$ cat upload-v9.cif   # mmCIF, N, CA and C atoms
data_start
loop_
_atom_site.group_PDB
_atom_site.id
_atom_site.type_symbol
_atom_site.label_atom_id
_atom_site.label_comp_id
_atom_site.auth_asym_id
_atom_site.auth_seq_id
_atom_site.Cartn_x
_atom_site.Cartn_y
_atom_site.Cartn_z
ATOM 1 N N MET F 1 124.020 102.987 93.304
ATOM 2 C CA MET F 1 124.008 103.417 94.681
ATOM 3 C C MET F 1 125.445 103.367 95.199
ATOM 4 N N GLY F 2 125.861 104.470 95.800
ATOM 5 C CA GLY F 2 127.225 104.554 96.280
ATOM 6 C C GLY F 2 127.409 103.925 97.652
ATOM 7 N N ILE F 3 128.662 103.817 98.043
ATOM 8 C CA ILE F 3 128.992 103.185 99.324
ATOM 9 C C ILE F 3 128.452 103.990 100.507
ATOM 10 N N ILE F 4 128.413 105.305 100.393
ATOM 11 C CA ILE F 4 127.882 106.135 101.481
ATOM 12 C C ILE F 4 126.398 105.860 101.673
ATOM 13 N N ASN F 5 125.645 105.764 100.570
ATOM 14 C CA ASN F 5 124.218 105.451 100.667
ATOM 15 C C ASN F 5 123.991 104.097 101.325
ATOM 16 N N ILE F 6 124.770 103.120 100.952
ATOM 17 C CA ILE F 6 124.629 101.780 101.519
ATOM 18 C C ILE F 6 124.935 101.798 103.011
ATOM 19 N N ILE F 7 125.959 102.532 103.413
ATOM 20 C CA ILE F 7 126.306 102.618 104.836
ATOM 21 C C ILE F 7 125.196 103.307 105.626
ATOM 22 N N VAL F 8 124.644 104.377 105.089
ATOM 23 C CA VAL F 8 123.562 105.096 105.787
ATOM 24 C C VAL F 8 122.321 104.214 105.915
ATOM 25 N N ILE F 9 121.970 103.493 104.867
ATOM 26 C CA ILE F 9 120.827 102.585 104.932
ATOM 27 C C ILE F 9 121.088 101.486 105.962
ATOM 28 N N GLY F 10 122.288 100.946 105.956
ATOM 29 C CA GLY F 10 122.645 99.921 106.935
ATOM 30 C C GLY F 10 122.567 100.431 108.362
ATOM 31 N N LEU F 11 123.024 101.651 108.595
ATOM 32 C CA LEU F 11 122.932 102.231 109.937
ATOM 33 C C LEU F 11 121.482 102.450 110.358
ATOM 34 N N GLY F 12 120.656 102.896 109.418
ATOM 35 C CA GLY F 12 119.236 103.077 109.726
ATOM 36 C C GLY F 12 118.567 101.768 110.095
ATOM 37 N N LEU F 13 118.842 100.723 109.340
ATOM 38 C CA LEU F 13 118.288 99.413 109.658
ATOM 39 C C LEU F 13 118.805 98.900 110.997
ATOM 40 N N ALA F 14 120.071 99.140 111.276
ATOM 41 C CA ALA F 14 120.650 98.683 112.539
ATOM 42 C C ALA F 14 120.027 99.414 113.725
ATOM 43 N N MET F 15 119.783 100.705 113.600
ATOM 44 C CA MET F 15 119.176 101.465 114.700
ATOM 45 C C MET F 15 117.743 101.012 114.953
ATOM 46 N N ASP F 16 117.021 100.682 113.897
ATOM 47 C CA ASP F 16 115.667 100.171 114.037
ATOM 48 C C ASP F 16 115.685 98.838 114.786
ATOM 49 N N ALA F 17 116.547 97.943 114.379
ATOM 50 C CA ALA F 17 116.650 96.646 115.041
ATOM 51 C C ALA F 17 117.125 96.802 116.478
ATOM 52 N N LEU F 18 118.019 97.745 116.728
ATOM 53 C CA LEU F 18 118.506 97.986 118.085
ATOM 54 C C LEU F 18 117.378 98.446 118.999
ATOM 55 N N ALA F 19 116.556 99.368 118.523
ATOM 56 C CA ALA F 19 115.445 99.872 119.335
ATOM 57 C C ALA F 19 114.456 98.759 119.675
ATOM 58 N N VAL F 20 114.134 97.930 118.700
ATOM 59 C CA VAL F 20 113.194 96.843 118.945
ATOM 60 C C VAL F 20 113.796 95.800 119.875
ATOM 61 N N SER F 21 115.059 95.482 119.712
ATOM 62 C CA SER F 21 115.679 94.474 120.571
ATOM 63 C C SER F 21 115.837 94.973 122.001
ATOM 64 N N ILE F 22 116.111 96.249 122.186
ATOM 65 C CA ILE F 22 116.189 96.800 123.543
ATOM 66 C C ILE F 22 114.822 96.732 124.207
ATOM 67 N N THR F 23 113.787 97.113 123.487
ATOM 68 C CA THR F 23 112.429 97.053 124.029
ATOM 69 C C THR F 23 112.038 95.620 124.351
ATOM 70 N N SER F 24 112.379 94.710 123.467
ATOM 71 C CA SER F 24 112.080 93.301 123.716
ATOM 72 C C SER F 24 112.847 92.791 124.933
ATOM 73 N N GLY F 25 114.082 93.190 125.062
ATOM 74 C CA GLY F 25 114.884 92.774 126.214
ATOM 75 C C GLY F 25 114.362 93.322 127.530
ATOM 76 N N LEU F 26 113.799 94.509 127.501
ATOM 77 C CA LEU F 26 113.239 95.096 128.724
ATOM 78 C C LEU F 26 111.964 94.404 129.174
ATOM 79 N N THR F 27 111.237 93.796 128.244
ATOM 80 C CA THR F 27 109.974 93.155 128.604
ATOM 81 C C THR F 27 110.133 91.706 129.038
ATOM 82 N N VAL F 28 111.269 91.092 128.765
ATOM 83 C CA VAL F 28 111.499 89.693 129.132
ATOM 84 C C VAL F 28 112.059 89.640 130.550
ATOM 85 N N ARG F 29 111.418 88.831 131.388
ATOM 86 C CA ARG F 29 111.878 88.733 132.778
ATOM 87 C C ARG F 29 113.155 87.909 132.905
ATOM 88 N N ARG F 30 113.207 86.803 132.190
ATOM 89 C CA ARG F 30 114.380 85.929 132.270
ATOM 90 C C ARG F 30 114.856 85.623 130.852
ATOM 91 N N VAL F 31 116.020 86.100 130.525
ATOM 92 C CA VAL F 31 116.551 85.929 129.170
ATOM 93 C C VAL F 31 117.186 84.550 129.055
ATOM 94 N N ARG F 32 116.780 83.837 128.026
ATOM 95 C CA ARG F 32 117.355 82.520 127.751
ATOM 96 C C ARG F 32 118.120 82.594 126.443
ATOM 97 N N ILE F 33 119.155 81.798 126.344
ATOM 98 C CA ILE F 33 120.009 81.798 125.150
ATOM 99 C C ILE F 33 119.185 81.449 123.907
ATOM 100 N N ARG F 34 118.313 80.470 124.032
ATOM 101 C CA ARG F 34 117.505 80.056 122.886
ATOM 102 C C ARG F 34 116.638 81.214 122.374
ATOM 103 N N TYR F 35 116.011 81.949 123.288
ATOM 104 C CA TYR F 35 115.178 83.094 122.912
ATOM 105 C C TYR F 35 116.029 84.177 122.261
ATOM 106 N N ALA F 36 117.193 84.452 122.838
ATOM 107 C CA ALA F 36 118.070 85.500 122.296
ATOM 108 C C ALA F 36 118.549 85.136 120.895
ATOM 109 N N LEU F 37 118.924 83.892 120.690
ATOM 110 C CA LEU F 37 119.374 83.469 119.365
ATOM 111 C C LEU F 37 118.233 83.512 118.344
ATOM 112 N N LYS F 38 117.054 83.081 118.761
ATOM 113 C CA LYS F 38 115.904 83.120 117.853
ATOM 114 C C LYS F 38 115.583 84.562 117.450
ATOM 115 N N LEU F 39 115.612 85.463 118.418
ATOM 116 C CA LEU F 39 115.346 86.868 118.135
ATOM 117 C C LEU F 39 116.415 87.458 117.217
ATOM 118 N N ALA F 40 117.664 87.170 117.508
ATOM 119 C CA ALA F 40 118.763 87.705 116.695
ATOM 120 C C ALA F 40 118.712 87.182 115.259
ATOM 121 N N LEU F 41 118.451 85.893 115.104
ATOM 122 C CA LEU F 41 118.384 85.322 113.755
ATOM 123 C C LEU F 41 117.183 85.834 112.972
ATOM 124 N N SER F 42 116.066 86.050 113.652
ATOM 125 C CA SER F 42 114.909 86.585 112.926
ATOM 126 C C SER F 42 115.168 88.026 112.483
ATOM 127 N N PHE F 43 115.793 88.821 113.349
ATOM 128 C CA PHE F 43 116.145 90.193 112.948
ATOM 129 C C PHE F 43 117.123 90.173 111.782
ATOM 130 N N ALA F 44 118.135 89.353 111.867
ATOM 131 C CA ALA F 44 119.141 89.297 110.807
ATOM 132 C C ALA F 44 118.523 88.869 109.482
ATOM 133 N N GLY F 45 117.666 87.868 109.542
ATOM 134 C CA GLY F 45 117.027 87.380 108.317
ATOM 135 C C GLY F 45 116.156 88.438 107.663
ATOM 136 N N PHE F 46 115.310 89.080 108.466
ATOM 137 C CA PHE F 46 114.419 90.090 107.894
ATOM 138 C C PHE F 46 115.182 91.332 107.450
ATOM 139 N N GLN F 47 116.200 91.733 108.195
ATOM 140 C CA GLN F 47 116.973 92.908 107.805
ATOM 141 C C GLN F 47 117.736 92.654 106.506
ATOM 142 N N ALA F 48 118.116 91.416 106.255
ATOM 143 C CA ALA F 48 118.802 91.090 105.003
ATOM 144 C C ALA F 48 117.811 90.921 103.859
ATOM 145 N N LEU F 49 116.628 90.399 104.164
ATOM 146 C CA LEU F 49 115.657 90.082 103.128
ATOM 147 C C LEU F 49 114.874 91.300 102.646
ATOM 148 N N MET F 50 114.542 92.214 103.528
ATOM 149 C CA MET F 50 113.700 93.357 103.143
ATOM 150 C C MET F 50 114.315 94.249 102.063
ATOM 151 N N PRO F 51 115.588 94.624 102.141
ATOM 152 C CA PRO F 51 116.151 95.437 101.049
ATOM 153 C C PRO F 51 116.170 94.708 99.704
ATOM 154 N N VAL F 52 116.396 93.401 99.736
ATOM 155 C CA VAL F 52 116.410 92.628 98.487
ATOM 156 C C VAL F 52 115.013 92.611 97.867
ATOM 157 N N ILE F 53 113.989 92.406 98.698
ATOM 158 C CA ILE F 53 112.607 92.416 98.187
ATOM 159 C C ILE F 53 112.261 93.787 97.616
ATOM 160 N N GLY F 54 112.651 94.851 98.319
ATOM 161 C CA GLY F 54 112.395 96.199 97.822
ATOM 162 C C GLY F 54 113.105 96.477 96.513
ATOM 163 N N TRP F 55 114.334 96.014 96.408
ATOM 164 C CA TRP F 55 115.102 96.207 95.178
ATOM 165 C C TRP F 55 114.440 95.469 94.013
ATOM 166 N N LEU F 56 114.046 94.213 94.242
ATOM 167 C CA LEU F 56 113.397 93.438 93.182
ATOM 168 C C LEU F 56 112.057 94.059 92.780
ATOM 169 N N ALA F 57 111.281 94.507 93.751
ATOM 170 C CA ALA F 57 110.003 95.152 93.444
ATOM 171 C C ALA F 57 110.231 96.453 92.684
ATOM 172 N N GLY F 58 111.253 97.208 93.060
ATOM 173 C CA GLY F 58 111.564 98.451 92.358
ATOM 174 C C GLY F 58 111.941 98.224 90.915
ATOM 175 N N ILE F 59 112.717 97.205 90.663
ATOM 176 C CA ILE F 59 113.101 96.887 89.287
ATOM 177 C C ILE F 59 111.877 96.478 88.475
ATOM 178 N N ARG F 60 111.019 95.674 89.083
ATOM 179 C CA ARG F 60 109.855 95.156 88.356
ATOM 180 C C ARG F 60 108.825 96.238 88.034
ATOM 181 N N PHE F 61 108.568 97.133 88.976
ATOM 182 C CA PHE F 61 107.492 98.096 88.801
ATOM 183 C C PHE F 61 107.955 99.486 88.367
ATOM 184 N N SER F 62 109.242 99.708 88.219
ATOM 185 C CA SER F 62 109.720 101.051 87.895
ATOM 186 C C SER F 62 109.198 101.548 86.543
ATOM 187 N N GLU F 63 109.150 100.697 85.569
ATOM 188 C CA GLU F 63 108.656 101.103 84.253
ATOM 189 C C GLU F 63 107.161 101.407 84.276
ATOM 190 N N LYS F 64 106.423 100.695 85.109
ATOM 191 C CA LYS F 64 104.965 100.843 85.134
ATOM 192 C C LYS F 64 104.518 102.105 85.857
ATOM 193 N N ILE F 65 105.290 102.563 86.834
ATOM 194 C CA ILE F 65 104.854 103.720 87.615
ATOM 195 C C ILE F 65 105.680 104.972 87.360
ATOM 196 N N ARG F 66 106.550 104.908 86.390
ATOM 197 C CA ARG F 66 107.441 106.044 86.118
ATOM 198 C C ARG F 66 106.677 107.336 85.830
ATOM 199 N N THR F 67 105.523 107.245 85.198
ATOM 200 C CA THR F 67 104.782 108.453 84.824
ATOM 201 C C THR F 67 104.034 109.087 85.996
ATOM 202 N N VAL F 68 103.803 108.337 87.066
ATOM 203 C CA VAL F 68 103.031 108.881 88.192
ATOM 204 C C VAL F 68 103.799 108.844 89.513
ATOM 205 N N ASP F 69 105.049 108.460 89.488
ATOM 206 C CA ASP F 69 105.785 108.290 90.744
ATOM 207 C C ASP F 69 105.898 109.582 91.552
ATOM 208 N N HIS F 70 106.061 110.705 90.887
ATOM 209 C CA HIS F 70 106.178 111.975 91.611
ATOM 210 C C HIS F 70 104.865 112.348 92.293
ATOM 211 N N TRP F 71 103.729 111.985 91.686
ATOM 212 C CA TRP F 71 102.429 112.258 92.308
ATOM 213 C C TRP F 71 102.205 111.364 93.527
ATOM 214 N N VAL F 72 102.613 110.133 93.420
ATOM 215 C CA VAL F 72 102.488 109.212 94.560
ATOM 216 C C VAL F 72 103.338 109.703 95.719
ATOM 217 N N ALA F 73 104.564 110.117 95.434
ATOM 218 C CA ALA F 73 105.439 110.637 96.490
ATOM 219 C C ALA F 73 104.841 111.886 97.121
ATOM 220 N N MET F 74 104.286 112.786 96.299
ATOM 221 C CA MET F 74 103.686 114.003 96.832
ATOM 222 C C MET F 74 102.503 113.677 97.738
ATOM 223 N N LEU F 75 101.647 112.753 97.322
ATOM 224 C CA LEU F 75 100.488 112.387 98.131
ATOM 225 C C LEU F 75 100.897 111.736 99.449
ATOM 226 N N LEU F 76 101.894 110.866 99.405
ATOM 227 C CA LEU F 76 102.360 110.226 100.636
ATOM 228 C C LEU F 76 102.952 111.241 101.604
ATOM 229 N N LEU F 77 103.788 112.134 101.101
ATOM 230 C CA LEU F 77 104.383 113.152 101.967
ATOM 231 C C LEU F 77 103.338 114.118 102.501
ATOM 232 N N ALA F 78 102.348 114.467 101.673
ATOM 233 C CA ALA F 78 101.268 115.345 102.127
ATOM 234 C C ALA F 78 100.444 114.663 103.222
ATOM 235 N N ALA F 79 100.147 113.385 103.044
ATOM 236 C CA ALA F 79 99.379 112.649 104.050
ATOM 237 C C ALA F 79 100.137 112.571 105.369
ATOM 238 N N ILE F 80 101.429 112.329 105.304
ATOM 239 C CA ILE F 80 102.244 112.276 106.523
ATOM 240 C C ILE F 80 102.277 113.649 107.194
ATOM 241 N N GLY F 81 102.451 114.695 106.402
ATOM 242 C CA GLY F 81 102.466 116.060 106.958
ATOM 243 C C GLY F 81 101.138 116.435 107.599
ATOM 244 N N ILE F 82 100.040 116.108 106.941
ATOM 245 C CA ILE F 82 98.722 116.423 107.510
ATOM 246 C C ILE F 82 98.497 115.643 108.796
ATOM 247 N N LYS F 83 98.893 114.379 108.817
ATOM 248 C CA LYS F 83 98.749 113.590 110.052
ATOM 249 C C LYS F 83 99.591 114.171 111.178
ATOM 250 N N MET F 84 100.786 114.617 110.884
ATOM 251 C CA MET F 84 101.639 115.219 111.913
ATOM 252 C C MET F 84 101.006 116.491 112.453
ATOM 253 N N ILE F 85 100.428 117.290 111.573
ATOM 254 C CA ILE F 85 99.770 118.535 112.013
ATOM 255 C C ILE F 85 98.559 118.214 112.880
ATOM 256 N N LEU F 86 97.760 117.235 112.461
ATOM 257 C CA LEU F 86 96.575 116.866 113.223
ATOM 258 C C LEU F 86 96.928 116.241 114.572
ATOM 259 N N ASP F 87 98.034 115.531 114.657
ATOM 260 C CA ASP F 87 98.454 114.927 115.920
ATOM 261 C C ASP F 87 98.893 115.944 116.950
ATOM 262 N N THR F 88 99.303 117.130 116.513
ATOM 263 C CA THR F 88 99.740 118.155 117.470
ATOM 264 C C THR F 88 98.575 118.913 118.064
ATOM 265 N N VAL F 89 97.418 118.802 117.455
ATOM 266 C CA VAL F 89 96.234 119.553 117.940
ATOM 267 C C VAL F 89 95.586 118.828 119.086
#

$ encode --input "upload-v9.cif" --output "structure tokens"
Amino acid sequence: MGIINIIVIGLGLAMDALAVSITSGLTVRRVRIRYALKLALSFAGFQALMPVIGWLAGIRFSEKIRTVDHWVAMLLLAAIGIKMILDTV
């Protein structure tokens, strides 16, 4: 994986965390330092841990699903597309 891919993934994760933290901040009436630190540390921990878990799972299962991975991807994308079409109706 190249540096550009890593930067794009990092930006995507950061935008996701930003959206959730803004929404969380809008719902809290009185912001306390303890709450803000707890929220920030939980986001940081999960954002760091999730790619590592995905990488480890990918290494472990890549040999087992190599023969059907393209079918799984096609089914997932088809399901998402059908849901998007049905949601517009």

$ residues_around --input "upload-v9.cif" --residues "Ala40 in chain F" --least-positions-apart "5" --cutoff "12 Å" --atoms "only C-alpha atoms" --output "PyMOL selection string"
chain F and resi 14+17-18+20-22+24-25+33-35+45-47

$ atom_distance --input "upload-v9.cif" --atom1 "CA of Ile65 in chain F" --atom2 "atom N of Gly10 in chain F"
25.5 Å

$ axis_aligned_box --input "upload-v9.cif" --around "range 13-17 of chain F" --padding-each-side "8 Å" --output "JSON"
{"center_x": 118.2, "center_y": 99.1, "center_z": 112.9, "size_x": 21.0, "size_y": 20.8, "size_z": 23.1}

$ atom_distance --input "upload-v9.cif" --atom1 "CA of Gly58 in chain F" --atom2 "CA of His70 in chain F"
14.6 Å

$ atom_distance --input "upload-v9.cif" --atom1 "CA of Val52 in chain F" --atom2 "atom C of Met15 in chain F"
18.5 Å
